[in-house]
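Coordinates from input-v9.txt are shown below (compact mmCIF, C-alpha atoms and all ligand atoms).
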```txt
# COMPACT_ATOMS: atom_id res chain seq x y z
CA MET C 1 -9.44 25.13 -96.64
CA ASN C 2 -7.04 23.26 -94.36
CA LYS C 3 -4.76 20.90 -96.22
CA ILE C 4 -4.48 17.29 -95.03
CA LYS C 5 -0.99 16.61 -93.65
CA VAL C 6 0.33 13.50 -95.37
CA GLY C 7 3.46 11.32 -95.25
CA VAL C 8 4.86 8.35 -97.17
CA VAL C 9 6.45 5.33 -95.47
CA GLY C 10 8.80 3.48 -97.83
CA THR C 11 10.32 5.50 -100.67
CA GLY C 12 11.40 2.73 -103.04
CA HIS C 13 10.10 2.27 -106.57
CA LEU C 14 6.39 2.87 -105.92
CA GLY C 15 6.70 5.02 -102.76
CA ARG C 16 8.46 7.69 -104.81
CA PHE C 17 5.41 7.91 -107.11
CA HIS C 18 3.10 8.26 -104.09
CA ALA C 19 5.21 11.18 -102.81
CA VAL C 20 5.45 12.86 -106.23
CA ASN C 21 1.66 12.61 -106.69
CA TYR C 22 0.80 13.85 -103.18
CA ALA C 23 3.08 16.84 -103.77
CA GLN C 24 0.86 17.80 -106.73
CA ILE C 25 -2.54 17.48 -105.02
CA PRO C 26 -3.75 20.95 -103.93
CA GLU C 27 -5.62 19.59 -100.87
CA VAL C 28 -2.48 17.87 -99.55
CA ASP C 29 0.46 19.12 -97.54
CA LEU C 30 3.15 16.49 -98.11
CA VAL C 31 4.94 16.88 -94.76
CA GLY C 32 7.56 14.15 -94.96
CA VAL C 33 8.75 10.70 -95.96
CA THR C 34 10.66 7.93 -94.20
CA ASP C 35 12.53 4.79 -95.23
CA ILE C 36 14.78 2.33 -93.41
CA GLU C 37 17.40 3.39 -95.94
CA PRO C 38 17.79 7.10 -95.04
CA GLY C 39 19.42 7.96 -98.39
CA LYS C 40 16.23 6.95 -100.25
CA ALA C 41 14.08 9.13 -97.98
CA ARG C 42 16.46 12.07 -98.44
CA SER C 43 16.41 11.73 -102.21
CA VAL C 44 12.59 11.63 -102.48
CA ALA C 45 12.24 14.41 -99.88
CA SER C 46 14.50 16.70 -101.87
CA GLU C 47 12.63 15.87 -105.11
CA THR C 48 9.23 16.64 -103.57
CA GLY C 49 10.20 19.47 -101.19
CA CYS C 50 9.33 17.75 -97.90
CA THR C 51 11.25 16.55 -94.81
CA PRO C 52 13.07 13.20 -94.61
CA TYR C 53 12.36 11.53 -91.24
CA HIS C 54 14.74 8.99 -89.68
CA ASP C 55 12.02 6.92 -88.08
CA LEU C 56 8.34 6.16 -88.44
CA GLU C 57 7.32 7.53 -85.03
CA SER C 58 8.73 11.01 -85.76
CA LEU C 59 6.80 11.12 -89.05
CA LEU C 60 3.57 9.89 -87.42
CA ASN C 61 3.76 12.77 -84.91
CA LYS C 62 3.51 15.25 -87.78
CA VAL C 63 0.82 13.84 -90.09
CA GLU C 64 -2.88 12.92 -90.33
CA ALA C 65 -2.53 10.30 -93.07
CA VAL C 66 0.14 8.13 -94.68
CA SER C 67 0.72 5.82 -97.62
CA VAL C 68 2.49 2.62 -96.56
CA VAL C 69 4.63 1.51 -99.51
CA VAL C 70 7.03 -0.97 -97.92
CA PRO C 71 7.50 -4.61 -98.98
CA THR C 72 4.46 -6.79 -98.26
CA ASN C 73 6.17 -8.70 -95.44
CA SER C 74 6.38 -5.40 -93.49
CA HIS C 75 2.80 -4.18 -94.19
CA PHE C 76 1.39 -5.53 -90.91
CA ASN C 77 4.22 -4.25 -88.74
CA VAL C 78 4.14 -0.71 -90.19
CA CYS C 79 0.33 -0.45 -90.57
CA GLN C 80 -0.37 -1.47 -86.99
CA LYS C 81 1.80 1.41 -85.72
CA VAL C 82 0.05 3.81 -88.09
CA LEU C 83 -3.49 2.70 -87.20
CA LYS C 84 -2.83 2.59 -83.44
CA SER C 85 -1.60 6.19 -83.69
CA GLY C 86 -4.99 7.20 -85.10
CA ILE C 87 -3.53 8.04 -88.52
CA HIS C 88 -5.48 7.35 -91.74
CA CYS C 89 -3.72 4.66 -93.76
CA LEU C 90 -3.48 3.75 -97.44
CA VAL C 91 -1.51 0.50 -97.69
CA GLU C 92 -0.24 -0.83 -100.99
CA LYS C 93 -1.65 -4.15 -102.17
CA PRO C 94 -1.77 -6.88 -100.99
CA ILE C 95 -3.18 -5.69 -97.67
CA ALA C 96 -0.95 -8.06 -95.66
CA GLN C 97 0.70 -11.47 -95.80
CA THR C 98 -2.14 -13.41 -94.16
CA THR C 99 -5.89 -13.00 -93.66
CA ASP C 100 -5.26 -13.10 -89.90
CA GLU C 101 -2.99 -10.04 -90.19
CA ALA C 102 -5.61 -8.37 -92.41
CA ASP C 103 -8.37 -9.03 -89.84
CA ARG C 104 -6.28 -7.53 -87.07
CA LEU C 105 -5.51 -4.40 -89.11
CA ILE C 106 -9.20 -3.96 -90.04
CA ALA C 107 -10.15 -4.23 -86.34
CA MET C 108 -7.49 -1.63 -85.40
CA ALA C 109 -8.79 0.76 -88.07
CA ASP C 110 -12.36 0.33 -86.79
CA GLN C 111 -11.31 0.85 -83.13
CA ASN C 112 -9.35 3.98 -83.97
CA ARG C 113 -12.01 5.27 -86.41
CA VAL C 114 -9.59 5.92 -89.21
CA ILE C 115 -9.82 5.37 -92.98
CA PHE C 116 -8.03 2.22 -94.08
CA GLN C 117 -7.76 1.96 -97.87
CA VAL C 118 -5.89 -0.70 -99.87
CA GLY C 119 -3.92 0.27 -102.97
CA HIS C 120 -5.69 -1.80 -105.62
CA VAL C 121 -4.90 0.86 -108.17
CA GLU C 122 -6.56 -0.82 -111.19
CA ARG C 123 -9.96 0.17 -109.78
CA PHE C 124 -8.90 3.72 -110.66
CA ASN C 125 -7.38 2.87 -114.05
CA PRO C 126 -8.76 5.27 -116.70
CA ALA C 127 -9.94 2.17 -118.64
CA MET C 128 -12.45 1.40 -115.86
CA HIS C 129 -14.16 4.76 -116.41
CA ALA C 130 -16.06 3.36 -119.42
CA LEU C 131 -17.87 0.87 -117.15
CA GLN C 132 -19.32 3.57 -114.90
CA GLY C 133 -23.08 3.81 -115.25
CA MET C 134 -23.26 0.52 -117.19
CA LYS C 135 -25.21 -2.47 -115.93
CA ILE C 136 -22.41 -4.96 -115.25
CA GLU C 137 -23.67 -8.54 -115.01
CA PRO C 138 -20.91 -10.69 -116.51
CA ARG C 139 -21.53 -14.36 -117.21
CA PHE C 140 -17.92 -15.01 -118.20
CA ILE C 141 -14.69 -13.07 -117.62
CA GLU C 142 -11.29 -13.71 -119.11
CA SER C 143 -8.26 -11.84 -117.76
CA HIS C 144 -4.61 -11.85 -118.81
CA ARG C 145 -1.91 -10.06 -116.88
CA LEU C 146 1.46 -10.82 -118.43
CA ALA C 147 4.72 -9.13 -117.44
CA LEU C 148 8.37 -9.39 -118.36
CA PHE C 149 10.60 -10.92 -115.70
CA ASN C 150 11.75 -8.49 -112.99
CA PRO C 151 13.32 -9.76 -109.75
CA ARG C 152 11.42 -7.02 -107.83
CA GLY C 153 8.28 -8.60 -106.40
CA THR C 154 9.43 -12.21 -106.74
CA GLU C 155 9.54 -12.63 -102.95
CA VAL C 156 5.83 -13.51 -103.32
CA ALA C 157 4.10 -15.77 -105.89
CA VAL C 158 2.71 -14.13 -109.05
CA VAL C 159 -0.80 -14.70 -107.67
CA LEU C 160 -0.14 -12.26 -104.80
CA ASP C 161 1.94 -9.84 -106.88
CA LEU C 162 0.01 -9.57 -110.19
CA MET C 163 -3.11 -11.76 -110.31
CA ILE C 164 -4.45 -10.06 -107.16
CA HIS C 165 -5.10 -6.90 -109.23
CA ASP C 166 -7.56 -8.83 -111.43
CA ILE C 167 -8.98 -10.75 -108.46
CA ASP C 168 -9.90 -7.44 -106.81
CA VAL C 169 -11.43 -5.95 -109.96
CA ILE C 170 -13.43 -9.13 -110.64
CA LEU C 171 -14.73 -9.31 -107.05
CA SER C 172 -15.84 -5.68 -107.33
CA LEU C 173 -17.67 -6.38 -110.62
CA VAL C 174 -19.28 -9.76 -109.92
CA GLN C 175 -20.61 -9.06 -106.39
CA SER C 176 -21.43 -12.71 -105.67
CA PRO C 177 -19.83 -15.22 -103.27
CA VAL C 178 -17.24 -17.60 -104.69
CA GLN C 179 -18.50 -21.16 -105.15
CA THR C 180 -15.50 -23.11 -106.48
CA VAL C 181 -11.89 -22.47 -107.42
CA ASP C 182 -9.62 -24.53 -109.60
CA ALA C 183 -6.04 -23.44 -110.26
CA SER C 184 -2.63 -24.50 -111.43
CA GLY C 185 0.75 -22.81 -111.45
CA VAL C 186 4.44 -23.33 -112.13
CA ALA C 187 7.62 -21.92 -110.56
CA VAL C 188 9.81 -21.51 -113.62
CA VAL C 189 12.46 -18.92 -112.75
CA SER C 190 11.99 -17.95 -109.10
CA ASP C 191 11.34 -20.11 -106.02
CA SER C 192 7.62 -19.25 -106.06
CA ILE C 193 4.92 -19.57 -108.70
CA ASP C 194 5.74 -17.43 -111.77
CA ILE C 195 2.80 -18.35 -114.00
CA ALA C 196 -0.68 -19.27 -112.81
CA ASN C 197 -4.17 -19.90 -114.12
CA ALA C 198 -7.37 -19.93 -112.06
CA ARG C 199 -10.98 -20.67 -112.88
CA ILE C 200 -13.44 -19.22 -110.39
CA ARG C 201 -17.14 -20.05 -110.37
CA PHE C 202 -19.38 -17.65 -108.45
CA GLU C 203 -22.70 -18.53 -106.83
CA ASN C 204 -24.52 -16.50 -109.50
CA ASN C 205 -22.89 -18.87 -112.06
CA CYS C 206 -20.49 -16.30 -113.48
CA VAL C 207 -17.16 -17.93 -114.37
CA ALA C 208 -13.84 -16.05 -114.34
CA ASN C 209 -10.74 -17.44 -115.99
CA LEU C 210 -7.58 -15.61 -114.87
CA THR C 211 -4.03 -15.97 -116.17
CA ALA C 212 -1.04 -14.16 -114.67
CA SER C 213 2.61 -14.50 -115.67
CA ARG C 214 5.80 -12.64 -114.83
CA ILE C 215 7.95 -14.54 -117.30
CA SER C 216 6.30 -13.36 -120.48
CA GLN C 217 7.95 -12.07 -123.66
CA LYS C 218 5.52 -9.15 -123.89
CA LYS C 219 3.30 -7.19 -121.55
CA MET C 220 -0.47 -7.56 -121.52
CA ARG C 221 -3.13 -6.47 -119.01
CA LYS C 222 -6.52 -7.24 -120.51
CA MET C 223 -9.88 -8.21 -119.13
CA ARG C 224 -12.78 -9.31 -121.33
CA LEU C 225 -16.30 -9.39 -119.93
CA PHE C 226 -19.14 -11.22 -121.65
CA GLN C 227 -22.73 -10.62 -120.61
CA LYS C 228 -26.10 -10.80 -122.29
CA ASP C 229 -25.97 -8.64 -125.43
CA THR C 230 -22.70 -6.98 -124.39
CA TYR C 231 -18.96 -7.61 -124.74
CA ILE C 232 -16.55 -5.31 -122.91
CA ALA C 233 -12.78 -5.33 -123.48
CA VAL C 234 -10.80 -3.49 -120.80
CA ASP C 235 -7.16 -2.76 -121.60
CA PHE C 236 -5.42 -1.68 -118.38
CA LEU C 237 -2.10 -1.18 -120.18
CA GLN C 238 -3.45 1.02 -123.00
CA LYS C 239 -5.85 2.59 -120.46
CA LYS C 240 -8.95 2.31 -122.65
CA SER C 241 -12.03 0.14 -123.03
CA GLU C 242 -14.13 -1.00 -125.96
CA ILE C 243 -17.81 -1.90 -125.70
CA PHE C 244 -19.82 -3.87 -128.24
CA GLN C 245 -23.59 -4.05 -127.69
CA LEU C 246 -26.43 -5.71 -129.57
CA VAL C 247 -29.43 -3.42 -129.87
CA GLU C 248 -32.65 -3.30 -131.83
CA LYS C 249 -32.21 -1.47 -135.11
CA GLY C 250 -31.93 2.29 -134.60
CA LYS C 251 -32.07 2.07 -130.79
CA GLY C 252 -28.37 2.37 -129.90
CA GLY C 253 -26.14 5.40 -129.34
CA GLY C 254 -22.81 4.60 -130.93
CA LEU C 255 -21.11 3.55 -134.12
CA VAL C 256 -22.99 0.80 -135.99
CA VAL C 257 -20.34 -1.73 -137.02
CA GLY C 258 -22.57 -4.50 -138.32
CA ASP C 259 -25.72 -6.48 -137.77
CA ILE C 260 -26.49 -9.97 -136.63
CA GLY C 261 -29.49 -12.33 -136.74
CA VAL C 262 -32.00 -13.08 -139.45
CA GLU C 263 -34.74 -11.01 -141.18
CA ASP C 264 -37.04 -9.30 -138.66
CA LYS C 265 -34.88 -10.56 -135.72
CA LYS C 266 -31.87 -8.63 -137.04
CA ARG C 267 -30.08 -6.48 -134.48
CA GLU C 268 -27.31 -3.92 -134.80
CA ILE C 269 -23.86 -4.16 -133.30
CA ILE C 270 -22.96 -0.85 -131.67
CA TYR C 271 -19.35 0.04 -130.87
CA GLN C 272 -18.28 2.54 -128.22
CA SER C 273 -14.87 3.46 -126.84
CA PRO C 274 -15.50 6.38 -124.47
CA PRO C 275 -12.49 8.69 -124.12
CA PRO C 276 -10.76 7.81 -120.83
CA PRO C 277 -9.98 10.52 -118.26
CA GLN C 278 -6.48 11.93 -118.52
CA LYS C 279 -5.74 11.38 -114.84
CA GLU C 280 -3.45 8.47 -113.94
CA GLY C 281 -4.88 5.73 -111.72
CA LEU C 282 -2.48 6.38 -108.83
CA ARG C 283 -3.37 10.08 -108.73
CA LYS C 284 -7.09 9.23 -108.68
CA GLU C 285 -6.51 6.61 -105.96
CA LEU C 286 -4.67 9.10 -103.71
CA GLU C 287 -7.26 11.85 -104.35
CA THR C 288 -10.03 9.41 -103.43
CA PHE C 289 -8.19 8.58 -100.18
CA ILE C 290 -8.01 12.30 -99.33
CA GLN C 291 -11.67 12.88 -100.27
CA THR C 292 -12.69 9.93 -98.08
CA ILE C 293 -10.76 11.39 -95.13
CA ARG C 294 -12.66 14.65 -95.72
CA GLY C 295 -15.92 12.67 -95.67
CA LYS C 296 -16.75 13.67 -99.24
CA THR C 297 -16.50 10.21 -100.84
CA PRO C 298 -17.50 6.79 -99.54
CA PRO C 299 -14.47 4.61 -98.70
CA ALA C 300 -13.01 3.01 -101.82
CA VAL C 301 -11.24 -0.36 -101.71
CA THR C 302 -11.72 -0.82 -97.98
CA GLY C 303 -9.65 -3.06 -95.74
CA ARG C 304 -12.45 -5.63 -96.01
CA GLU C 305 -12.27 -5.60 -99.81
CA GLY C 306 -8.48 -5.89 -99.65
CA ARG C 307 -8.92 -8.82 -97.28
CA ALA C 308 -11.40 -10.50 -99.65
CA ALA C 309 -8.93 -10.22 -102.55
CA LEU C 310 -6.15 -11.64 -100.37
CA ALA C 311 -8.32 -14.53 -99.14
CA LEU C 312 -9.23 -15.55 -102.70
CA ALA C 313 -5.60 -15.16 -103.82
CA MET C 314 -4.53 -17.49 -100.99
CA VAL C 315 -7.04 -20.15 -102.09
CA ILE C 316 -5.79 -19.84 -105.70
CA LEU C 317 -2.19 -20.06 -104.50
CA GLU C 318 -2.85 -23.12 -102.37
CA LYS C 319 -4.61 -24.89 -105.26
CA SER C 320 -1.96 -23.91 -107.79
CA GLU C 321 0.86 -25.25 -105.59
CA ARG C 322 -0.62 -28.77 -105.44
N1 LIG C 401 -0.24 -1.21 -106.89
C1 LIG C 401 0.72 -1.64 -107.70
O1 LIG C 401 0.56 -1.72 -108.90
C2 LIG C 401 2.05 -2.02 -107.12
C3 LIG C 401 3.17 -2.09 -107.95
C4 LIG C 401 4.40 -2.37 -107.35
C5 LIG C 401 4.47 -2.61 -105.99
N2 LIG C 401 3.36 -2.57 -105.22
C6 LIG C 401 3.41 -2.81 -103.77
O2 LIG C 401 4.08 -1.72 -103.16
C7 LIG C 401 4.88 -2.18 -102.09
C8 LIG C 401 6.31 -1.68 -102.30
O3 LIG C 401 6.80 -2.15 -103.53
P1 LIG C 401 8.04 -1.47 -104.29
O4 LIG C 401 8.08 -2.09 -105.63
O5 LIG C 401 7.97 0.02 -104.19
O6 LIG C 401 9.27 -2.01 -103.41
P2 LIG C 401 10.71 -1.37 -103.21
O7 LIG C 401 11.56 -2.47 -102.68
O8 LIG C 401 11.16 -0.64 -104.44
O9 LIG C 401 10.49 -0.27 -102.06
C9 LIG C 401 10.21 -0.58 -100.74
C10 LIG C 401 10.88 0.46 -99.86
O10 LIG C 401 10.47 0.27 -98.51
C11 LIG C 401 11.62 0.45 -97.66
N3 LIG C 401 11.31 -0.24 -96.41
C12 LIG C 401 11.35 -1.57 -96.13
N4 LIG C 401 10.91 -1.81 -94.87
C13 LIG C 401 10.60 -0.61 -94.35
C14 LIG C 401 10.10 -0.19 -93.09
N5 LIG C 401 9.84 -1.06 -92.11
N6 LIG C 401 9.92 1.14 -92.86
C15 LIG C 401 10.21 2.05 -93.84
N7 LIG C 401 10.69 1.71 -95.06
C16 LIG C 401 10.86 0.40 -95.31
C17 LIG C 401 12.77 -0.11 -98.46
O11 LIG C 401 14.02 0.38 -98.00
C18 LIG C 401 12.41 0.36 -99.86
O12 LIG C 401 12.96 1.64 -100.14
C19 LIG C 401 4.71 -3.70 -102.06
O13 LIG C 401 3.72 -4.05 -101.12
C20 LIG C 401 4.20 -4.05 -103.44
O14 LIG C 401 3.35 -5.17 -103.46
C21 LIG C 401 2.15 -2.26 -105.76
```

Rewrite the coordinates I just gave you, this time as structure tokens.
Amino acid sequence: MNKIKVGVVGTGHLGRFHAVNYAQIPEVDLVGVTDIEPGKARSVASETGCTPYHDLESLLNKVEAVSVVVPTNSHFNVCQKVLKSGIHCLVEKPIAQTTDEADRLIAMADQNRVIFQVGHVERFNPAMHALQGMKIEPRFIESHRLALFNPRGTEVAVVLDLMIHDIDVILSLVQSPVQTVDASGVAVVSDSIDIANARIRFENNCVANLTASRISQKKMRKMRLFQKDTYIAVDFLQKKSEIFQLVEKGKGGGLVVGDIGVEDKKREIIYQSPPPPQKEGLRKELETFIQTIRGKTPPAVTGREGRAALALAMVILEKSER
């Protein structure tokens, strides 16, 4: 089997993890990395046993696919060179700075017939595994993504840096157009919004209430989904999920933790917490990218989905800045 020749553009905090993971995937030949700071590329290249390239063009001549892990304000500039060269591209989230940039990148990917995936890594979080095969029809969703302050990432508002993870997951679960958005936010420490709350109503009447903060005392990444007879708690930080379901007596497969209702209408509460896969989300995301290039898996988190998450994040940002 021929290995896919891969490179990484941008070897900062997250780019290093992309390179380290690619180096461990049997179907990948990690050919090289590049960074505008050559010392960073050299360091990651020596750690992962590949070649440090001085410029993007030299790397693109040697590979079939790249991860673009540069700051968001350079996503468009780097991705357009990648896509126009006919190279498959996995760009970190958010897809770009504007929906116009996103549209242009999607069009370039289509014209050049290459895979264009966006790095919304929470889709691949082991905690999401528990939801596979379940009928997901949430009526109400509550999400909290709280982080300690870190200057890295503060060049964009918390909505584009952190909340966009939950926006993408929620859009993938609800599968209904957005009807209304209400939001508020405050810039406490940085020049852009550090803490934000949004309430999204979908056309199917599902309501999602999202909170994101990067000035919190403790970390939290939780999403709670409420739907008829089922409550699902997804913990992205602990990488596990818990499911509580109401079933007729004796009809459920799981631990009975109580009952609810009266007399002959009594139903059992069943608890399940399926063991999550051991694989880290980033590894699964990169493997999916490679499998999609090979034509073995349908595209995951496409440019269009990345664009949809960005568009909703922009609406939330605009409303929270008022
Ligand atoms: N999916 C996630 O959970 C997650 C987490 C953190 C960051 N990110 C995203 O990843 C991207 C990178 O974030 P980071 O935290 O690794 O940033 P970083 O600043 O640590 O690294 C960025 C690297 O890109 C290099 N660079 C800048 N412009 C370049 C260019 N034109 N060509 C080549 N190299 C260039 C920089 O020198 C730096 O080494 C951002 O888009 C961010 O939103 C995603």

Using Å and a single decimal, report how far CA of Asn73 in chain C sits from CA of Thr51 in chain C.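 We find that CA of Thr51 in chain C and CA of Asn73 in chain C lie 25.8 Å from each other.
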
Between C:Glu122, C:Glu64, C:Glu155, C:Asp103, single out the one closest to Cys89 in chain C, counting all atoms listed in the file. C:Glu64

If we count only C-alpha atoms and set the cut-off at 12 Å, which residues sit around Gly295 in chain C, ignoring sequence neighbours fewer than 6 positions away in its own chain? Please answer as number ranges by chain. C: 114-115, 288-289

Within 12 Å of range 251-261 of chain C, counting all atoms listed in the file, which residues show up once you throw out same-chain ones fewer than 3 positions away? Write them as a list of chain:residue names, please.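 Returned residues: C:Asp229, C:Glu242, C:Ile243, C:Phe244, C:Gln245, C:Leu246, C:Val247, C:Glu248, C:Asp264, C:Lys265, C:Lys266, C:Arg267, C:Glu268, C:Ile269, C:Ile270, C:Tyr271, C:Gln272, C:Ser273, C:Pro274.
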
Of the candidates C:Val6, C:Ala212, C:Ile25, C:Leu160, which one gets nearest to Ile87 in chain C if we count only C-alpha atoms?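 When distances to Ile87 in chain C are compared using only C-alpha atoms, the smallest one comes from C:Val6.
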
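With CA of Thr180 in chain C on one side and CA of Phe236 in chain C on the other, the separation reads 26.5 Å.
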
Starting from 6 Å padding per side, set up an axis-aligned box that covers all listed atoms of ligand LIG 401 (chain C) and hand over centre and edge lengths in Å, one decimal, as JSON.
```
{"center_x": 6.9, "center_y": -1.6, "center_z": -100.5, "size_x": 26.3, "size_y": 19.2, "size_z": 28.8}
```

Using all atoms listed in the file, which residues of the polymer chains come no farther than 6 Å from ligand LIG 401 (chain C)? I'd like the answer as a PDB file with C-alpha atoms, keeping the file's coordinate frame.
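Below you can see selection-v1.pdb, which holds the result:
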```
ATOM      1  CA  VAL C   9       6.450   5.330 -95.470  1.00  0.00           C
ATOM      2  CA  GLY C  10       8.800   3.480 -97.830  1.00  0.00           C
ATOM      3  CA  THR C  11      10.320   5.500-100.670  1.00  0.00           C
ATOM      4  CA  GLY C  12      11.400   2.730-103.040  1.00  0.00           C
ATOM      5  CA  HIS C  13      10.100   2.270-106.570  1.00  0.00           C
ATOM      6  CA  LEU C  14       6.390   2.870-105.920  1.00  0.00           C
ATOM      7  CA  GLY C  15       6.700   5.020-102.760  1.00  0.00           C
ATOM      8  CA  THR C  34      10.660   7.930 -94.200  1.00  0.00           C
ATOM      9  CA  ASP C  35      12.530   4.790 -95.230  1.00  0.00           C
ATOM     10  CA  ILE C  36      14.780   2.330 -93.410  1.00  0.00           C
ATOM     11  CA  GLU C  37      17.400   3.390 -95.940  1.00  0.00           C
ATOM     12  CA  VAL C  69       4.630   1.510 -99.510  1.00  0.00           C
ATOM     13  CA  VAL C  70       7.030  -0.970 -97.920  1.00  0.00           C
ATOM     14  CA  PRO C  71       7.500  -4.610 -98.980  1.00  0.00           C
ATOM     15  CA  THR C  72       4.460  -6.790 -98.260  1.00  0.00           C
ATOM     16  CA  SER C  74       6.380  -5.400 -93.490  1.00  0.00           C
ATOM     17  CA  GLU C  92      -0.240  -0.830-100.990  1.00  0.00           C
ATOM     18  CA  LYS C  93      -1.650  -4.150-102.170  1.00  0.00           C
ATOM     19  CA  PRO C  94      -1.770  -6.880-100.990  1.00  0.00           C
ATOM     20  CA  GLY C 119      -3.920   0.270-102.970  1.00  0.00           C
ATOM     21  CA  HIS C 120      -5.690  -1.800-105.620  1.00  0.00           C
ATOM     22  CA  VAL C 121      -4.900   0.860-108.170  1.00  0.00           C
ATOM     23  CA  ASP C 161       1.940  -9.840-106.880  1.00  0.00           C
TER      24      ASP C 161
END
```

Quote the spacing between CA of Asp168 in chain C and CA of Ala23 in chain C in Å to one decimal place.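 A separation of 27.7 Å between them.
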
Using all atoms listed in the file, find each residue in range 54-151 of chain C having at least one atom no more than 9 Å away from range 188-195 of chain C; report its shortest atom-to-atom pair and that distance in Å (one decimal), rows by chain then rising number, as JSON lines.
```
{"residue": "C:Leu146", "atom": "CA", "partner": "C:Ile195", "partner_atom": "CA", "distance": 8.8}
{"residue": "C:Phe149", "atom": "CA", "partner": "C:Val189", "partner_atom": "CA", "distance": 8.7}
{"residue": "C:Pro151", "atom": "CA", "partner": "C:Ser190", "partner_atom": "CA", "distance": 8.3}
```

Using C-alpha atoms, can you export the residues from the last selection as a CSV table (one decimal), keeping the file's coordinate frame?
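To be explicit, this is the file written out as again12.csv:
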```
chain,number,residue,atom,x,y,z
C,146,LEU,CA,1.5,-10.8,-118.4
C,149,PHE,CA,10.6,-10.9,-115.7
C,151,PRO,CA,13.3,-9.8,-109.8
```
